[in-house]
Amino acid sequence: MSRSPRIPHGTTWLLAAASVAAGCAVADALWRALPHKRAPPRAPAPRTGRLRRRGENGADADYASLMRSSRLSSMGELAGSLAHELDQPLTAIVSNAQAARQYLESDVIDMDEVREILKDVNDEACRASATVRQIRALIKGESRVLGPLDIGAAIDEALALVRGNALGRGIVLTRQVASPLPRVNGDAVQIQQLLLNVLLNACDAVDRGVPGSGTPREVTVMAHVAEGMVQIAVRDSGAGVDPGDLEHIFEPFVTSKPQGMGLGLSISRAIAARHGGTLDAWNNADRGMTFQFSLPQEGMPTRRGVRMPRGLAMAESSFKG
Ligand SMILES: Nc1ncnc2c1ncn2[C@@H]1O[C@H](COP(=O)(O)OP(=O)(O)O)[C@@H](O)[C@H]1O
Ligand SMILES: [Mg+2]
């Protein structure tokens with residue numbers, strides 16, 4: 001008997017999407033509540049995106065709120081992707097449940113097959129539930145604890161969340177991750193936030209690209225271990241940045257995007273430093289950029305002499321809370 005998928009009537013993903021939308025409203029409200037000056041009105045940003053500073057008194061803002069706003073803003077960007085990610089297991093559950101009912105109505109019941117179907121239902125339900133948990137944790141910023149973390153799984157979860165977003169923009173996401181990767185000492189929510197920031201930036205860069213250039217639309221995630229550090233690199237085929245802008249993009253409120261908050265990279269660098277690691281970026285020799293996140297594998301000492309990014313003092317005070 002075939003168990004062909006069909007569109008589910010389930011409402012779980014709608015609820016998830018609604019909670020993401022609600023989260024975005026919260027982010028918006030938070031943003032409005034924060035004490036920051038608006039930049040004076042200016043002409044619309046050019047397509048290539050010149051860097052501008054969005055506000056000037058970010059140092060006075062509550063950094064924990066900013067981290068949350070930034071995370072919720074990523075969630076908003078990912079809404080379509082999340083629906084896609086939840087739709088797949090729900091579709092499989094519905095079609096498997098229908099198949100099981102049909103089996104049970106037949107004269108001769110193949111219990112092994114029924115068991116197999118129920119196992120599939122269970123696995124898919126667990127997958128959907130894990131996605132919902134992951135979204136909820138990201139929205140709430142639940143975890144603040146550094147603990148043993150399967151970094152390979154964290155990369156795959158971030159890729160799963162971004163996949164639909166990339167697909168919708170015609171971007172090919174490639175994964176070149178060594179297996180197995182050693183565990184790291186990390187905060188799952190913050191590592192996810194860092195990976196999502198960098199991945200979404202890479203997709204944005206490819207999307208803006210070099211107009212009419214016909215260049216490939218690619219984002220590649222690579223990960224391996226070198227000298228006790230897990231190194232995760234995200235390489236894109238976008239237009240890159242002016243060399244003089246390379247350090248500025250890590251400053252808070254610096255953005256080239258019309259709707260950008262300019263917080264993703266400063267927060268991501270603070271997260272990397274909190275994990276005893278680094279986040280660096282460079283323009284590729286051919287095209288686009290690479291962002292590399294290095295963090296010590298579990299049990300290795302954190303890197304001494306890590307350069308503290310601007311804004312880290314704010315970040316650390318919020319990490320304590
Ligand atoms: N992969 C990339 N390619 C080119 N420019 C990038 C890339 N990632 C980030 N940037 C630049 O860095 C700026 C700051 O990024 P970020 O801090 O994440 O804020 P936002 O995404 O809200 O603009 C972006 O607006 C963009 O100009
Ligand atoms: Mg960003």
# chains A, B, ... in the order shown; residues from 1 in each chain; ligands from 1

$ residues_around --residues "His248 (chain A)" --least-positions-apart "2" --cutoff "10 Å" --atoms "only C-alpha atoms" --output "list of chain:residue names"
A:Leu51, A:Arg52, A:Arg53, A:Pro243, A:Gly244, A:Asp245, A:Leu246, A:Phe250, A:Glu251, A:Pro252, A:Phe253, A:Val254, A:Thr255, A:Leu265, A:Ser266

$ write_last_selection --atoms "N, CA and C atoms" --output "PDB file, in the first residue's frame"
ATOM      1  N   LEU A  51      27.223  51.274   3.571  1.00  0.00           N
ATOM      2  CA  LEU A  51      27.054  51.146   5.020  1.00  0.00           C
ATOM      3  C   LEU A  51      26.568  52.461   5.614  1.00  0.00           C
ATOM      4  N   ARG A  52      25.670  52.388   6.566  1.00  0.00           N
ATOM      5  CA  ARG A  52      25.260  53.580   7.306  1.00  0.00           C
ATOM      6  C   ARG A  52      25.051  53.168   8.765  1.00  0.00           C
ATOM      7  N   ARG A  53      25.073  54.156   9.655  1.00  0.00           N
ATOM      8  CA  ARG A  53      24.857  53.861  11.069  1.00  0.00           C
ATOM      9  C   ARG A  53      23.414  54.175  11.395  1.00  0.00           C
ATOM     10  N   PRO A 243      36.946  46.876   1.245  1.00  0.00           N
ATOM     11  CA  PRO A 243      37.914  46.465   2.275  1.00  0.00           C
ATOM     12  C   PRO A 243      37.899  47.393   3.489  1.00  0.00           C
ATOM     13  N   GLY A 244      37.711  48.674   3.281  1.00  0.00           N
ATOM     14  CA  GLY A 244      37.708  49.614   4.403  1.00  0.00           C
ATOM     15  C   GLY A 244      36.509  49.429   5.318  1.00  0.00           C
ATOM     16  N   ASP A 245      35.490  48.736   4.834  1.00  0.00           N
ATOM     17  CA  ASP A 245      34.277  48.530   5.640  1.00  0.00           C
ATOM     18  C   ASP A 245      34.336  47.260   6.466  1.00  0.00           C
ATOM     19  N   LEU A 246      35.380  46.454   6.228  1.00  0.00           N
ATOM     20  CA  LEU A 246      35.402  45.113   6.844  1.00  0.00           C
ATOM     21  C   LEU A 246      35.237  45.143   8.360  1.00  0.00           C
ATOM     22  N   PHE A 250      31.150  44.977  11.924  1.00  0.00           N
ATOM     23  CA  PHE A 250      30.959  44.327  13.230  1.00  0.00           C
ATOM     24  C   PHE A 250      30.515  45.328  14.296  1.00  0.00           C
ATOM     25  N   GLU A 251      30.413  46.607  13.927  1.00  0.00           N
ATOM     26  CA  GLU A 251      29.994  47.599  14.919  1.00  0.00           C
ATOM     27  C   GLU A 251      28.465  47.603  15.015  1.00  0.00           C
ATOM     28  N   PRO A 252      27.949  47.843  16.239  1.00  0.00           N
ATOM     29  CA  PRO A 252      26.497  47.852  16.400  1.00  0.00           C
ATOM     30  C   PRO A 252      25.848  48.945  15.554  1.00  0.00           C
ATOM     31  N   PHE A 253      24.685  48.663  15.034  1.00  0.00           N
ATOM     32  CA  PHE A 253      23.832  49.602  14.282  1.00  0.00           C
ATOM     33  C   PHE A 253      24.408  49.995  12.919  1.00  0.00           C
ATOM     34  N   VAL A 254      25.411  49.283  12.449  1.00  0.00           N
ATOM     35  CA  VAL A 254      25.943  49.566  11.111  1.00  0.00           C
ATOM     36  C   VAL A 254      25.304  48.589  10.141  1.00  0.00           C
ATOM     37  N   THR A 255      24.661  49.120   9.130  1.00  0.00           N
ATOM     38  CA  THR A 255      23.931  48.277   8.185  1.00  0.00           C
ATOM     39  C   THR A 255      23.967  48.903   6.794  1.00  0.00           C
ATOM     40  N   LEU A 265      25.914  41.145  13.442  1.00  0.00           N
ATOM     41  CA  LEU A 265      27.332  40.794  13.521  1.00  0.00           C
ATOM     42  C   LEU A 265      27.965  41.204  14.842  1.00  0.00           C
ATOM     43  N   SER A 266      27.540  42.348  15.407  1.00  0.00           N
ATOM     44  CA  SER A 266      28.140  42.730  16.694  1.00  0.00           C
ATOM     45  C   SER A 266      27.715  41.728  17.759  1.00  0.00           C
TER      46      SER A 266
END

$ closest_atom_pairs --of "chain A" --to "ligand 1" --cutoff "9 Å" --atoms "only C-alpha atoms and all ligand atoms" --output "Markdown table"
| residue | atom | partner | partner_atom_place_in_ligand_line | distance |
| --- | --- | --- | --- | --- |
| A:Thr48 | CA | ligand 1 | 27 (O) | 8.9 |
| A:Gly49 | CA | ligand 1 | 27 (O) | 6.4 |
| A:Arg50 | CA | ligand 1 | 27 (O) | 7.0 |
| A:Leu51 | CA | ligand 1 | 27 (O) | 5.7 |
| A:Arg52 | CA | ligand 1 | 25 (O) | 8.4 |
| A:Ser70 | CA | ligand 1 | 22 (O) | 8.0 |
| A:Ser73 | CA | ligand 1 | 22 (O) | 8.9 |
| A:Asn197 | CA | ligand 1 | 18 (O) | 6.0 |
| A:Val198 | CA | ligand 1 | 8 (N) | 6.5 |
| A:Leu199 | CA | ligand 1 | 1 (N) | 7.9 |
| A:Leu200 | CA | ligand 1 | 21 (O) | 7.7 |
| A:Asn201 | CA | ligand 1 | 8 (N) | 4.5 |
| A:Ala202 | CA | ligand 1 | 1 (N) | 3.9 |
| A:Cys203 | CA | ligand 1 | 1 (N) | 7.3 |
| A:Asp204 | CA | ligand 1 | 1 (N) | 7.3 |
| A:Ala205 | CA | ligand 1 | 3 (N) | 4.6 |
| A:Val206 | CA | ligand 1 | 3 (N) | 7.5 |
| A:Gly209 | CA | ligand 1 | 4 (C) | 8.8 |
| A:Val234 | CA | ligand 1 | 1 (N) | 8.2 |
| A:Arg235 | CA | ligand 1 | 1 (N) | 7.5 |
| A:Asp236 | CA | ligand 1 | 1 (N) | 6.2 |
| A:Ser237 | CA | ligand 1 | 3 (N) | 8.3 |
| A:Gly238 | CA | ligand 1 | 3 (N) | 5.9 |
| A:Ala239 | CA | ligand 1 | 4 (C) | 6.2 |
| A:Gly240 | CA | ligand 1 | 4 (C) | 4.2 |
| A:Val241 | CA | ligand 1 | 4 (C) | 5.2 |
| A:Asp242 | CA | ligand 1 | 5 (N) | 8.9 |
| A:Asp245 | CA | ligand 1 | 12 (O) | 8.5 |
| A:Leu246 | CA | ligand 1 | 12 (O) | 8.1 |
| A:His248 | CA | ligand 1 | 12 (O) | 7.9 |
| A:Ile249 | CA | ligand 1 | 12 (O) | 4.3 |
| A:Phe250 | CA | ligand 1 | 17 (O) | 6.0 |
| A:Glu251 | CA | ligand 1 | 17 (O) | 7.2 |
| A:Pro252 | CA | ligand 1 | 17 (O) | 6.7 |
| A:Phe253 | CA | ligand 1 | 17 (O) | 7.0 |
| A:Val254 | CA | ligand 1 | 14 (C) | 5.6 |
| A:Thr255 | CA | ligand 1 | 25 (O) | 3.4 |
| A:Ser256 | CA | ligand 1 | 25 (O) | 3.9 |
| A:Lys257 | CA | ligand 1 | 25 (O) | 5.0 |
| A:Pro258 | CA | ligand 1 | 23 (O) | 8.2 |
| A:Gln259 | CA | ligand 1 | 22 (O) | 7.1 |
| A:Gly260 | CA | ligand 1 | 22 (O) | 3.5 |
| A:Met261 | CA | ligand 1 | 22 (O) | 3.9 |
| A:Gly262 | CA | ligand 1 | 19 (O) | 3.2 |
| A:Leu263 | CA | ligand 1 | 17 (O) | 4.3 |
| A:Gly264 | CA | ligand 1 | 18 (O) | 3.6 |
| A:Leu265 | CA | ligand 1 | 17 (O) | 3.7 |
| A:Ser266 | CA | ligand 1 | 17 (O) | 5.8 |
| A:Ile267 | CA | ligand 1 | 17 (O) | 7.6 |
| A:Ser268 | CA | ligand 1 | 17 (O) | 8.2 |
| A:Ala281 | CA | ligand 1 | 1 (N) | 8.6 |
| A:Asn283 | CA | ligand 1 | 3 (N) | 8.3 |
| A:Gly288 | CA | ligand 1 | 3 (N) | 6.2 |
| A:Met289 | CA | ligand 1 | 1 (N) | 5.4 |
| A:Thr290 | CA | ligand 1 | 1 (N) | 6.8 |
| A:Phe291 | CA | ligand 1 | 1 (N) | 7.2 |

$ select_by_dssp --residues "region 49-253 of chain A" --states "strand (DSSP E or B)" --output "PyMOL selection string"
chain A and resi 52-53+147-149+172-177+184-186+218-226+229-236

$ residues_around --residues "Gln176 (chain A)" --least-positions-apart "5" --cutoff "10 Å" --atoms "only C-alpha atoms" --output "ChimeraX atom specification"
/A:220-224,232-233

$ write_last_selection --atoms "all heavy atoms" --output "JSON list (two decimals), in the first residue's frame"
[["chain", "number", "residue", "atom", "x", "y", "z"],
["A", 220, "THR", "N", 27.89, 28.29, 1.04],
["A", 220, "THR", "CA", 28.47, 27.01, 1.46],
["A", 220, "THR", "C", 28.86, 27.08, 2.93],
["A", 220, "THR", "O", 29.49, 28.05, 3.36],
["A", 220, "THR", "CB", 29.73, 26.70, 0.62],
["A", 220, "THR", "OG1", 29.38, 26.77, -0.76],
["A", 220, "THR", "CG2", 30.26, 25.30, 0.92],
["A", 221, "VAL", "N", 28.46, 26.06, 3.66],
["A", 221, "VAL", "CA", 28.84, 25.98, 5.07],
["A", 221, "VAL", "C", 29.88, 24.88, 5.21],
["A", 221, "VAL", "O", 29.66, 23.75, 4.77],
["A", 221, "VAL", "CB", 27.63, 25.64, 5.96],
["A", 221, "VAL", "CG1", 28.05, 25.54, 7.42],
["A", 221, "VAL", "CG2", 26.56, 26.68, 5.80],
["A", 222, "MET", "N", 31.02, 25.24, 5.78],
["A", 222, "MET", "CA", 32.10, 24.26, 5.96],
["A", 222, "MET", "C", 32.43, 24.18, 7.44],
["A", 222, "MET", "O", 32.37, 25.20, 8.14],
["A", 222, "MET", "CB", 33.35, 24.71, 5.19],
["A", 222, "MET", "CG", 33.15, 24.70, 3.69],
["A", 222, "MET", "SD", 34.35, 25.74, 2.83],
["A", 222, "MET", "CE", 33.65, 27.36, 3.02],
["A", 223, "ALA", "N", 32.79, 23.01, 7.90],
["A", 223, "ALA", "CA", 33.22, 22.89, 9.31],
["A", 223, "ALA", "C", 34.23, 21.78, 9.45],
["A", 223, "ALA", "O", 34.09, 20.72, 8.83],
["A", 223, "ALA", "CB", 32.01, 22.62, 10.21],
["A", 224, "HIS", "N", 35.28, 22.04, 10.22],
["A", 224, "HIS", "CA", 36.28, 21.02, 10.50],
["A", 224, "HIS", "C", 36.99, 21.39, 11.81],
["A", 224, "HIS", "O", 36.70, 22.46, 12.39],
["A", 224, "HIS", "CB", 37.27, 20.90, 9.34],
["A", 224, "HIS", "CG", 38.18, 22.07, 9.20],
["A", 224, "HIS", "ND1", 37.77, 23.27, 8.68],
["A", 224, "HIS", "CD2", 39.47, 22.24, 9.55],
["A", 224, "HIS", "CE1", 38.78, 24.13, 8.70],
["A", 224, "HIS", "NE2", 39.83, 23.53, 9.22],
["A", 232, "ILE", "N", 34.03, 26.91, 11.81],
["A", 232, "ILE", "CA", 32.84, 26.88, 10.96],
["A", 232, "ILE", "C", 32.90, 28.09, 10.04],
["A", 232, "ILE", "O", 33.00, 29.23, 10.50],
["A", 232, "ILE", "CB", 31.56, 26.95, 11.82],
["A", 232, "ILE", "CG1", 31.56, 25.82, 12.85],
["A", 232, "ILE", "CG2", 30.31, 26.89, 10.95],
["A", 232, "ILE", "CD1", 30.56, 26.02, 13.96],
["A", 233, "ALA", "N", 32.88, 27.84, 8.74],
["A", 233, "ALA", "CA", 32.96, 28.95, 7.79],
["A", 233, "ALA", "C", 31.72, 28.98, 6.91],
["A", 233, "ALA", "O", 31.21, 27.94, 6.50],
["A", 233, "ALA", "CB", 34.21, 28.79, 6.92]]

$ residues_around --residues "region 108-122 of chain A" --least-positions-apart "2" --cutoff "12 Å" --atoms "only C-alpha atoms" --output "list in words"
Met1, Ser2, Arg3, Gln88, Pro89, Leu90, Thr91, Ala92, Ile93, Val94, Ser95, Asn96, Ala97, Gln98, Ala99, Ala100, Arg101, Gln102, Tyr103, Leu104, Glu105, Ser106, Glu124, Ala125, Cys126, Arg127, Ala128 and Ser129 of chain A
